[in-house]
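What follows is input35.cif (mmCIF, C-alpha atoms, pLDDT in the B column; chains and numbers go by the auth columns).
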data_data
loop_
_atom_site.group_PDB
_atom_site.id
_atom_site.type_symbol
_atom_site.label_atom_id
_atom_site.label_comp_id
_atom_site.label_asym_id
_atom_site.label_seq_id
_atom_site.Cartn_x
_atom_site.Cartn_y
_atom_site.Cartn_z
_atom_site.B_iso_or_equiv
_atom_site.auth_seq_id
_atom_site.auth_asym_id
ATOM 1 C CA MET A 1 18.201 -3.409 14.323 84.00 47 A
ATOM 2 C CA LYS A 2 20.425 -3.706 11.288 92.00 48 A
ATOM 3 C CA LYS A 3 18.829 -3.822 7.835 92.00 49 A
ATOM 4 C CA ALA A 4 19.620 -7.531 7.410 94.00 50 A
ATOM 5 C CA GLU A 5 17.964 -8.306 10.742 96.00 51 A
ATOM 6 C CA ILE A 6 14.854 -6.331 9.819 96.00 52 A
ATOM 7 C CA VAL A 7 14.609 -8.135 6.482 97.00 53 A
ATOM 8 C CA LYS A 8 14.933 -11.496 8.218 97.00 54 A
ATOM 9 C CA GLU A 9 12.249 -10.573 10.759 98.00 55 A
ATOM 10 C CA ILE A 10 9.837 -9.401 8.075 98.00 56 A
ATOM 11 C CA HIS A 11 10.419 -12.633 6.160 98.00 57 A
ATOM 12 C CA GLN A 12 9.787 -14.723 9.275 98.00 58 A
ATOM 13 C CA ARG A 13 6.557 -12.883 10.064 98.00 59 A
ATOM 14 C CA LEU A 14 5.263 -13.370 6.542 98.00 60 A
ATOM 15 C CA GLU A 15 6.185 -17.045 6.650 98.00 61 A
ATOM 16 C CA ALA A 16 4.358 -17.469 9.969 98.00 62 A
ATOM 17 C CA LEU A 17 1.238 -15.747 8.662 98.00 63 A
ATOM 18 C CA TYR A 18 1.203 -17.426 5.236 98.00 64 A
ATOM 19 C CA PRO A 19 2.968 -20.801 5.285 97.00 65 A
ATOM 20 C CA GLU A 20 0.835 -21.809 2.296 96.00 66 A
ATOM 21 C CA THR A 21 0.472 -19.512 -0.706 95.00 67 A
ATOM 22 C CA PRO A 22 -2.061 -20.726 -3.275 94.00 68 A
ATOM 23 C CA ILE A 23 -2.019 -18.789 -6.522 94.00 69 A
ATOM 24 C CA PRO A 24 -5.015 -16.414 -6.314 94.00 70 A
ATOM 25 C CA LEU A 25 -5.788 -16.568 -10.037 96.00 71 A
ATOM 26 C CA GLU A 26 -7.671 -19.716 -11.018 95.00 72 A
ATOM 27 C CA HIS A 27 -6.039 -21.587 -13.889 97.00 73 A
ATOM 28 C CA LYS A 28 -5.250 -25.099 -15.086 96.00 74 A
ATOM 29 C CA ASP A 29 -1.985 -24.692 -16.990 97.00 75 A
ATOM 30 C CA PRO A 30 0.586 -22.090 -18.123 98.00 76 A
ATOM 31 C CA TYR A 31 -1.634 -20.825 -20.933 98.00 77 A
ATOM 32 C CA THR A 32 -4.682 -20.154 -18.771 98.00 78 A
ATOM 33 C CA LEU A 33 -2.434 -18.571 -16.127 98.00 79 A
ATOM 34 C CA LEU A 34 -0.904 -16.294 -18.760 98.00 80 A
ATOM 35 C CA VAL A 35 -4.337 -15.139 -19.896 98.00 81 A
ATOM 36 C CA ALA A 36 -5.569 -14.688 -16.323 98.00 82 A
ATOM 37 C CA VAL A 37 -2.555 -12.587 -15.366 97.00 83 A
ATOM 38 C CA LEU A 38 -3.003 -10.465 -18.477 97.00 84 A
ATOM 39 C CA LEU A 39 -6.632 -9.881 -17.491 97.00 85 A
ATOM 40 C CA SER A 40 -5.643 -8.907 -13.934 95.00 86 A
ATOM 41 C CA ALA A 41 -4.003 -5.665 -15.081 91.00 87 A
ATOM 42 C CA GLN A 42 -5.930 -2.862 -13.333 90.00 88 A
ATOM 43 C CA CYS A 43 -8.449 -5.436 -12.159 93.00 89 A
ATOM 44 C CA THR A 44 -8.850 -7.514 -9.010 93.00 90 A
ATOM 45 C CA ASP A 45 -8.027 -11.213 -8.988 94.00 91 A
ATOM 46 C CA ALA A 46 -11.506 -11.910 -7.625 95.00 92 A
ATOM 47 C CA ARG A 47 -13.138 -10.290 -10.633 97.00 93 A
ATOM 48 C CA VAL A 48 -10.834 -12.093 -13.047 98.00 94 A
ATOM 49 C CA ASN A 49 -11.852 -15.374 -11.442 98.00 95 A
ATOM 50 C CA THR A 50 -15.508 -14.621 -12.180 97.00 96 A
ATOM 51 C CA VAL A 51 -14.741 -14.052 -15.864 97.00 97 A
ATOM 52 C CA THR A 52 -12.251 -16.762 -16.777 98.00 98 A
ATOM 53 C CA PRO A 53 -14.527 -19.818 -16.337 97.00 99 A
ATOM 54 C CA ALA A 54 -16.721 -18.690 -19.238 97.00 100 A
ATOM 55 C CA LEU A 55 -13.704 -17.669 -21.301 98.00 101 A
ATOM 56 C CA PHE A 56 -11.870 -20.953 -20.780 98.00 102 A
ATOM 57 C CA ASP A 57 -15.015 -23.011 -21.344 97.00 103 A
ATOM 58 C CA LEU A 58 -15.167 -21.326 -24.732 96.00 104 A
ATOM 59 C CA ALA A 59 -11.457 -21.655 -25.459 97.00 105 A
ATOM 60 C CA GLY A 60 -9.063 -23.318 -23.044 95.00 106 A
ATOM 61 C CA ASP A 61 -5.909 -23.298 -25.152 98.00 107 A
ATOM 62 C CA ALA A 62 -4.165 -21.222 -27.795 98.00 108 A
ATOM 63 C CA TYR A 63 -5.578 -23.225 -30.712 98.00 109 A
ATOM 64 C CA GLU A 64 -9.168 -22.777 -29.578 98.00 110 A
ATOM 65 C CA MET A 65 -8.706 -19.110 -28.595 98.00 111 A
ATOM 66 C CA ALA A 66 -7.196 -18.222 -31.964 98.00 112 A
ATOM 67 C CA LYS A 67 -10.469 -19.255 -33.628 98.00 113 A
ATOM 68 C CA VAL A 68 -12.642 -17.005 -31.445 98.00 114 A
ATOM 69 C CA PRO A 69 -13.510 -13.578 -32.879 98.00 115 A
ATOM 70 C CA VAL A 70 -11.957 -10.727 -30.892 98.00 116 A
ATOM 71 C CA ASP A 71 -15.390 -9.192 -30.314 98.00 117 A
ATOM 72 C CA GLU A 72 -16.575 -12.401 -28.664 98.00 118 A
ATOM 73 C CA ILE A 73 -13.550 -12.444 -26.356 98.00 119 A
ATOM 74 C CA ARG A 74 -14.138 -8.782 -25.590 98.00 120 A
ATOM 75 C CA ALA A 75 -17.768 -9.370 -24.622 98.00 121 A
ATOM 76 C CA ILE A 76 -16.769 -12.014 -22.082 98.00 122 A
ATOM 77 C CA ILE A 77 -13.890 -10.137 -20.487 97.00 123 A
ATOM 78 C CA ARG A 78 -15.575 -6.704 -20.407 97.00 124 A
ATOM 79 C CA PRO A 79 -16.002 -6.761 -16.578 97.00 125 A
ATOM 80 C CA CYS A 80 -12.194 -6.840 -16.226 96.00 126 A
ATOM 81 C CA GLY A 81 -11.792 -3.446 -17.870 95.00 127 A
ATOM 82 C CA LEU A 82 -9.610 -2.425 -20.806 96.00 128 A
ATOM 83 C CA SER A 83 -11.447 -5.090 -22.815 96.00 129 A
ATOM 84 C CA PRO A 84 -10.628 -3.725 -26.303 96.00 130 A
ATOM 85 C CA ARG A 85 -6.906 -3.908 -25.650 97.00 131 A
ATOM 86 C CA LYS A 86 -6.949 -7.113 -23.629 98.00 132 A
ATOM 87 C CA SER A 87 -9.151 -9.045 -26.072 98.00 133 A
ATOM 88 C CA LYS A 88 -6.918 -8.114 -28.978 98.00 134 A
ATOM 89 C CA ALA A 89 -3.815 -9.124 -27.015 98.00 135 A
ATOM 90 C CA ILE A 90 -5.302 -12.498 -26.039 98.00 136 A
ATOM 91 C CA SER A 91 -6.199 -13.245 -29.638 98.00 137 A
ATOM 92 C CA GLU A 92 -2.853 -12.143 -31.040 98.00 138 A
ATOM 93 C CA LEU A 93 -0.680 -13.881 -28.463 98.00 139 A
ATOM 94 C CA SER A 94 -2.622 -17.118 -29.000 98.00 140 A
ATOM 95 C CA LYS A 95 -1.815 -17.001 -32.702 98.00 141 A
ATOM 96 C CA ILE A 96 1.844 -16.259 -31.983 98.00 142 A
ATOM 97 C CA LEU A 97 2.040 -19.212 -29.582 98.00 143 A
ATOM 98 C CA ILE A 98 0.718 -21.452 -32.358 98.00 144 A
ATOM 99 C CA ASP A 99 3.057 -20.059 -35.025 98.00 145 A
ATOM 100 C CA ARG A 100 6.232 -20.017 -32.926 97.00 146 A
ATOM 101 C CA TYR A 101 5.812 -22.405 -30.001 98.00 147 A
ATOM 102 C CA ASN A 102 3.400 -25.161 -31.098 97.00 148 A
ATOM 103 C CA GLY A 103 0.680 -23.615 -28.966 97.00 149 A
ATOM 104 C CA GLU A 104 2.738 -23.808 -25.768 98.00 150 A
ATOM 105 C CA VAL A 105 3.757 -20.955 -23.476 98.00 151 A
ATOM 106 C CA PRO A 106 7.536 -20.442 -23.748 98.00 152 A
ATOM 107 C CA GLN A 107 9.588 -20.931 -20.600 96.00 153 A
ATOM 108 C CA ASN A 108 11.668 -17.875 -21.361 95.00 154 A
ATOM 109 C CA MET A 109 11.330 -14.359 -19.942 96.00 155 A
ATOM 110 C CA GLU A 110 12.377 -12.568 -23.126 96.00 156 A
ATOM 111 C CA ALA A 111 10.034 -14.612 -25.296 97.00 157 A
ATOM 112 C CA LEU A 112 7.132 -13.951 -22.946 98.00 158 A
ATOM 113 C CA GLU A 113 7.781 -10.203 -22.904 97.00 159 A
ATOM 114 C CA GLU A 114 7.585 -10.148 -26.691 97.00 160 A
ATOM 115 C CA LEU A 115 3.984 -11.376 -26.606 98.00 161 A
ATOM 116 C CA PRO A 116 1.208 -8.777 -27.022 97.00 162 A
ATOM 117 C CA GLY A 117 -0.089 -7.462 -23.706 96.00 163 A
ATOM 118 C CA VAL A 118 2.626 -9.207 -21.695 97.00 164 A
ATOM 119 C CA GLY A 119 4.874 -6.910 -19.709 94.00 165 A
ATOM 120 C CA HIS A 120 7.700 -7.717 -17.337 95.00 166 A
ATOM 121 C CA LYS A 121 5.449 -8.285 -14.327 94.00 167 A
ATOM 122 C CA THR A 122 3.123 -10.640 -16.200 96.00 168 A
ATOM 123 C CA ALA A 123 6.082 -12.566 -17.599 97.00 169 A
ATOM 124 C CA SER A 124 7.602 -12.802 -14.123 96.00 170 A
ATOM 125 C CA VAL A 125 4.387 -14.224 -12.667 96.00 171 A
ATOM 126 C CA VAL A 126 4.200 -16.879 -15.369 97.00 172 A
ATOM 127 C CA MET A 127 7.853 -17.819 -15.005 97.00 173 A
ATOM 128 C CA SER A 128 7.584 -18.107 -11.224 96.00 174 A
ATOM 129 C CA GLN A 129 4.145 -19.627 -10.768 96.00 175 A
ATOM 130 C CA ALA A 130 3.798 -21.735 -13.912 96.00 176 A
ATOM 131 C CA PHE A 131 7.378 -22.920 -14.303 97.00 177 A
ATOM 132 C CA GLY A 132 8.921 -22.482 -10.849 95.00 178 A
ATOM 133 C CA VAL A 133 11.717 -20.245 -12.133 97.00 179 A
ATOM 134 C CA PRO A 134 12.850 -17.765 -9.447 96.00 180 A
ATOM 135 C CA ALA A 135 11.360 -14.344 -10.171 96.00 181 A
ATOM 136 C CA PHE A 136 10.014 -11.494 -8.077 95.00 182 A
ATOM 137 C CA PRO A 137 6.988 -9.948 -9.790 93.00 183 A
ATOM 138 C CA VAL A 138 6.438 -6.453 -8.409 94.00 184 A
ATOM 139 C CA ASP A 139 3.118 -4.701 -8.921 89.00 185 A
ATOM 140 C CA THR A 140 1.986 -1.413 -7.402 88.00 186 A
ATOM 141 C CA HIS A 141 0.809 -3.180 -4.231 89.00 187 A
ATOM 142 C CA ILE A 142 4.140 -4.880 -3.522 95.00 188 A
ATOM 143 C CA HIS A 143 5.872 -1.637 -4.463 95.00 189 A
ATOM 144 C CA ARG A 144 3.773 0.212 -1.870 95.00 190 A
ATOM 145 C CA LEU A 145 4.481 -2.253 0.939 97.00 191 A
ATOM 146 C CA ALA A 146 8.195 -2.442 0.205 97.00 192 A
ATOM 147 C CA TYR A 147 8.349 1.342 0.466 96.00 193 A
ATOM 148 C CA ARG A 148 6.339 1.379 3.698 96.00 194 A
ATOM 149 C CA TRP A 149 8.762 -1.129 5.203 97.00 195 A
ATOM 150 C CA LYS A 150 11.814 0.868 4.087 96.00 196 A
ATOM 151 C CA LEU A 151 13.018 -1.943 1.829 96.00 197 A
ATOM 152 C CA THR A 152 13.239 0.392 -1.168 95.00 198 A
ATOM 153 C CA ASN A 153 13.386 4.106 -1.868 91.00 199 A
ATOM 154 C CA GLY A 154 10.100 3.940 -3.758 76.00 200 A
ATOM 155 C CA LYS A 155 11.293 5.470 -7.036 84.00 201 A
ATOM 156 C CA ASN A 156 9.664 2.874 -9.300 91.00 202 A
ATOM 157 C CA VAL A 157 8.725 -0.797 -9.536 92.00 203 A
ATOM 158 C CA VAL A 158 11.918 -1.600 -11.457 93.00 204 A
ATOM 159 C CA GLN A 159 14.083 -0.367 -8.600 94.00 205 A
ATOM 160 C CA THR A 160 11.856 -2.069 -6.036 96.00 206 A
ATOM 161 C CA GLU A 161 12.271 -5.417 -7.816 96.00 207 A
ATOM 162 C CA LYS A 162 16.060 -5.010 -7.774 96.00 208 A
ATOM 163 C CA ASP A 163 16.031 -4.092 -4.080 96.00 209 A
ATOM 164 C CA LEU A 164 13.830 -7.011 -3.039 97.00 210 A
ATOM 165 C CA LYS A 165 15.899 -9.473 -5.054 97.00 211 A
ATOM 166 C CA ARG A 166 19.015 -8.169 -3.367 97.00 212 A
ATOM 167 C CA LEU A 167 17.557 -8.366 0.145 97.00 213 A
ATOM 168 C CA PHE A 168 15.793 -11.738 0.118 97.00 214 A
ATOM 169 C CA PRO A 169 17.162 -15.221 -0.711 96.00 215 A
ATOM 170 C CA LYS A 170 16.532 -16.254 -4.306 97.00 216 A
ATOM 171 C CA GLU A 171 14.811 -19.461 -3.254 96.00 217 A
ATOM 172 C CA SER A 172 12.189 -17.412 -1.383 97.00 218 A
ATOM 173 C CA TRP A 173 11.188 -15.043 -4.200 97.00 219 A
ATOM 174 C CA ASN A 174 8.296 -16.968 -5.728 96.00 220 A
ATOM 175 C CA LYS A 175 6.563 -17.620 -2.424 97.00 221 A
ATOM 176 C CA LEU A 176 7.424 -14.246 -0.918 97.00 222 A
ATOM 177 C CA HIS A 177 5.788 -12.437 -3.815 95.00 223 A
ATOM 178 C CA LEU A 178 2.474 -14.088 -2.930 96.00 224 A
ATOM 179 C CA GLN A 179 2.983 -13.681 0.823 97.00 225 A
ATOM 180 C CA ILE A 180 3.343 -9.924 0.429 97.00 226 A
ATOM 181 C CA ILE A 181 0.222 -9.785 -1.751 95.00 227 A
ATOM 182 C CA TYR A 182 -1.810 -11.680 0.837 96.00 228 A
ATOM 183 C CA PHE A 183 -0.415 -9.546 3.650 97.00 229 A
ATOM 184 C CA GLY A 184 -1.294 -6.326 1.835 96.00 230 A
ATOM 185 C CA ARG A 185 -4.884 -7.419 1.362 93.00 231 A
ATOM 186 C CA GLU A 186 -5.348 -8.479 4.984 95.00 232 A
ATOM 187 C CA TYR A 187 -3.266 -6.013 6.980 96.00 233 A
ATOM 188 C CA CYS A 188 -1.746 -3.277 4.829 96.00 234 A
ATOM 189 C CA PRO A 189 -4.290 -1.784 2.377 93.00 235 A
ATOM 190 C CA ALA A 190 -3.680 1.323 0.332 90.00 236 A
ATOM 191 C CA ARG A 191 -6.469 3.234 2.081 89.00 237 A
ATOM 192 C CA GLY A 192 -7.684 3.257 5.652 88.00 238 A
ATOM 193 C CA HIS A 193 -4.429 1.729 6.858 92.00 239 A
ATOM 194 C CA ASN A 194 -3.686 1.956 10.577 95.00 240 A
ATOM 195 C CA PRO A 195 0.065 1.314 10.948 96.00 241 A
ATOM 196 C CA ASN A 196 -0.366 0.766 14.674 96.00 242 A
ATOM 197 C CA ASP A 197 -2.407 -2.368 13.982 96.00 243 A
ATOM 198 C CA CYS A 198 -0.222 -3.688 11.162 97.00 244 A
ATOM 199 C CA PRO A 199 1.965 -6.671 12.175 97.00 245 A
ATOM 200 C CA ILE A 200 4.899 -5.256 10.197 98.00 246 A
ATOM 201 C CA CYS A 201 4.369 -1.498 9.892 97.00 247 A
ATOM 202 C CA LYS A 202 3.953 -1.122 13.653 97.00 248 A
ATOM 203 C CA ASP A 203 7.607 -2.099 14.111 97.00 249 A
ATOM 204 C CA PHE A 204 9.282 -1.328 10.794 96.00 250 A
ATOM 205 C CA GLY A 205 7.029 1.185 9.013 96.00 251 A
ATOM 206 C CA ARG A 206 8.147 4.612 7.878 95.00 252 A
ATOM 207 C CA LYS A 207 7.476 7.394 10.386 94.00 253 A
ATOM 208 C CA GLU A 208 5.366 9.328 7.900 93.00 254 A
ATOM 209 C CA LEU A 209 2.803 6.505 7.934 93.00 255 A
ATOM 210 C CA PHE A 210 2.112 7.216 11.593 94.00 256 A
ATOM 211 C CA ARG A 211 2.091 10.997 11.091 92.00 257 A
ATOM 212 C CA GLU A 212 -0.380 10.714 8.241 89.00 258 A
ATOM 213 C CA TYR A 213 -2.611 8.425 10.294 89.00 259 A
ATOM 214 C CA ASP A 214 -2.511 10.793 13.289 88.00 260 A
ATOM 215 C CA LYS A 215 -3.491 13.716 11.037 86.00 261 A
ATOM 216 C CA LEU A 216 -6.465 11.794 9.702 82.00 262 A
ATOM 217 C CA GLN A 217 -7.583 10.850 13.196 85.00 263 A
ATOM 218 C CA ALA A 218 -7.266 14.455 14.351 84.00 264 A
ATOM 219 C CA LYS A 219 -9.655 15.598 11.622 80.00 265 A
ATOM 220 C CA LYS A 220 -12.372 13.221 12.757 72.00 266 A
#
Written form, C-alpha cells:
Amino acid sequence: MKKAEIVKEIHQRLEALYPETPIPLEHKDPYTLLVAVLLSAQCTDARVNTVTPALFDLAGDAYEMAKVPVDEIRAIIRPCGLSPRKSKAISELSKILIDRYNGEVPQNMEALEELPGVGHKTASVVMSQAFGVPAFPVDTHIHRLAYRWKLTNGKNVVQTEKDLKRLFPKESWNKLHLQIIYFGREYCPARGHNPNDCPICKDFGRKELFREYDKLQAKK
C-alpha cells in the first residue's frame, strides 16, 4: 500500500474504534483545563482527576487561585509529582492571567506558551480542546505510536507533530490526537506490547516490533 493509503486506513480504524472522544482530564472551563493539563506532565490523567476536585473546590478560577499560598497548592497537588515546580507555575500563571487577560485564558498559542509551566504541548491541548482551534498536541505516547506505525522517523516530538499534521487532514487533528491516546492505552502500550494482537501494528507496524517481541518470547 502507498503511504497515503496506509494513513487513510489507520485513520479509519481509529475512527471506527473511537467515534466519540471525551477529554480525559476533568475540567469545567479553559482555566481548569489549563491547570489540569499542566498537572498531567509526567503524571497520569487518572491521578490528575483525583487531585483536581479538591484543588478546584479551593480555587476554581485565576482570581481565587492567586490568593492561595503556593505551599497550600503544593500540598494538594503533591500526588501528581513535581509539586514544587507545578504549584509555583499555577500560582504565577494565575496572577499573569489577572494582570494581562482579565483572568481569562488567552486564545493564542504564543500567549499561552509564555505562561509559567506551559509548554508547546500544553498550549496545543488548550487551543484544541478548550477553543476548538486545530492543533495536534504530541506527547511521548503519541510520538511512540507514530513511530511504530512508520508515520514519522522518530527523531523528536517536534518532527512528529510536523509529520502528523502533514499526513492527516487539518479538520481531524483535534479528535485524532485523543483517538491515538485512547488507542495507545487500550492496544499499544509502551511495555508488554504484542504487535500481533494490535489492530494497527499487526498490519502497519515496524518490523523491529515483531523481532523484539519474538526475542522476548524466546527468553520465556
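If you look at atom CA of A:Ile188 and atom CA of A:Pro70, they are 15.0 Å away from each other.
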Kindly assemble as CSV a list of the stretch 158-212 of chain A residues that lie within 12 Å of stretch 225-245 of chain A, each paired with its nearest atom pair and their distance in Å to one decimal, using only C-alpha atoms, sorted first by chain and then by ascending residue number.
residue,atom,partner,partner_atom,distance
A:Phe182,CA,A:Ile226,CA,10.9
A:Pro183,CA,A:Ile227,CA,10.5
A:Val184,CA,A:Ile227,CA,9.7
A:Asp185,CA,A:Ile227,CA,9.3
A:Thr186,CA,A:Ala236,CA,10.0
A:His187,CA,A:Ile227,CA,7.1
A:Ile188,CA,A:Ile226,CA,6.5
A:His189,CA,A:Ile226,CA,9.9
A:Arg190,CA,A:Ala236,CA,7.9
A:Leu191,CA,A:Gly230,CA,7.1
A:Ala192,CA,A:Ile226,CA,8.9
A:Tyr193,CA,A:Cys234,CA,11.9
A:Arg194,CA,A:Cys234,CA,9.4
A:Trp195,CA,A:Pro241,CA,10.7
A:Leu210,CA,A:Ile226,CA,11.4
Using Å and a single decimal, report how far atom CA of A:Val83 sits from atom CA of A:Val171. 7.6 Å
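Of the residues listed (A:Met111, A:Ala105, A:Ala87, A:Leu213), A:Ala87 shows the shortest atom-to-atom separation from A:Gly127; distances use all atoms listed in the file.
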Running the PyMOL selection byres ((chain A and resi 167-170) around 10) on this model by hand, what would come out? Give it as a compact mmCIF listing (two decimals) with C-alpha atoms, keeping the file's coordinate frame.
# COMPACT_ATOMS: atom_id res chain seq x y z
CA LEU A 79 -2.43 -18.57 -16.13
CA LEU A 80 -0.90 -16.29 -18.76
CA VAL A 81 -4.34 -15.14 -19.90
CA ALA A 82 -5.57 -14.69 -16.32
CA VAL A 83 -2.56 -12.59 -15.37
CA LEU A 84 -3.00 -10.46 -18.48
CA LEU A 85 -6.63 -9.88 -17.49
CA SER A 86 -5.64 -8.91 -13.93
CA ALA A 87 -4.00 -5.66 -15.08
CA GLN A 153 9.59 -20.93 -20.60
CA ASN A 154 11.67 -17.88 -21.36
CA MET A 155 11.33 -14.36 -19.94
CA GLU A 156 12.38 -12.57 -23.13
CA ALA A 157 10.03 -14.61 -25.30
CA LEU A 158 7.13 -13.95 -22.95
CA GLU A 159 7.78 -10.20 -22.90
CA GLU A 160 7.58 -10.15 -26.69
CA LEU A 161 3.98 -11.38 -26.61
CA GLY A 163 -0.09 -7.46 -23.71
CA VAL A 164 2.63 -9.21 -21.70
CA GLY A 165 4.87 -6.91 -19.71
CA HIS A 166 7.70 -7.72 -17.34
CA VAL A 171 4.39 -14.22 -12.67
CA VAL A 172 4.20 -16.88 -15.37
CA MET A 173 7.85 -17.82 -15.00
CA SER A 174 7.58 -18.11 -11.22
CA GLN A 175 4.14 -19.63 -10.77
CA ALA A 176 3.80 -21.74 -13.91
CA VAL A 179 11.72 -20.24 -12.13
CA PRO A 180 12.85 -17.76 -9.45
CA ALA A 181 11.36 -14.34 -10.17
CA PHE A 182 10.01 -11.49 -8.08
CA PRO A 183 6.99 -9.95 -9.79
CA VAL A 184 6.44 -6.45 -8.41
CA ASP A 185 3.12 -4.70 -8.92
CA VAL A 203 8.72 -0.80 -9.54
CA VAL A 204 11.92 -1.60 -11.46
CA GLU A 207 12.27 -5.42 -7.82
CA ASN A 220 8.30 -16.97 -5.73
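The coordinates place atom CA of A:Asp145 at 25.0 Å from atom CA of A:Ile122.
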Contacts of A:Ala92 at 9 Å or less, counting all atoms listed in the file, minus same-chain residues fewer than 3 places along, as a VMD selection string? chain A and resid 70 to 71 89 95 to 96
Give as a PyMOL selection string the residues that the PyMOL selection byres ((chain A and resi 102) around 12) matches when applied to the coordinates above. chain A and resi 72-75+77-79+81-82+94-101+103-111+114+119+122-123+136
Find the residues near A:Lys49: any atom within 10 Å, counting all atoms listed in the file, skip ones fewer than 5 places away on the same chain, and give them as a PyMOL selection string. chain A and resi 54-55+196-197+213
Identify all residues satisfying the PyMOL selection byres ((chain A and resi 138) around 10) in the given file; provide them as a ChimeraX atom specification. /A:108,111-112,116,132-137,139-143,161-163
Of the listed residues A:Thr206, A:Ser129, A:Asn199, A:Gln58, that which approaches A:Gln88 most closely, counting all atoms listed in the file: A:Ser129
Find the spatial neighbours of A:Thr67, counting only C-alpha atoms, within a cut-off of 7 Å - ignore same-chain residues fewer than 2 positions away - and output them as a ChimeraX atom specification. /A:64-65,69,221,224-225
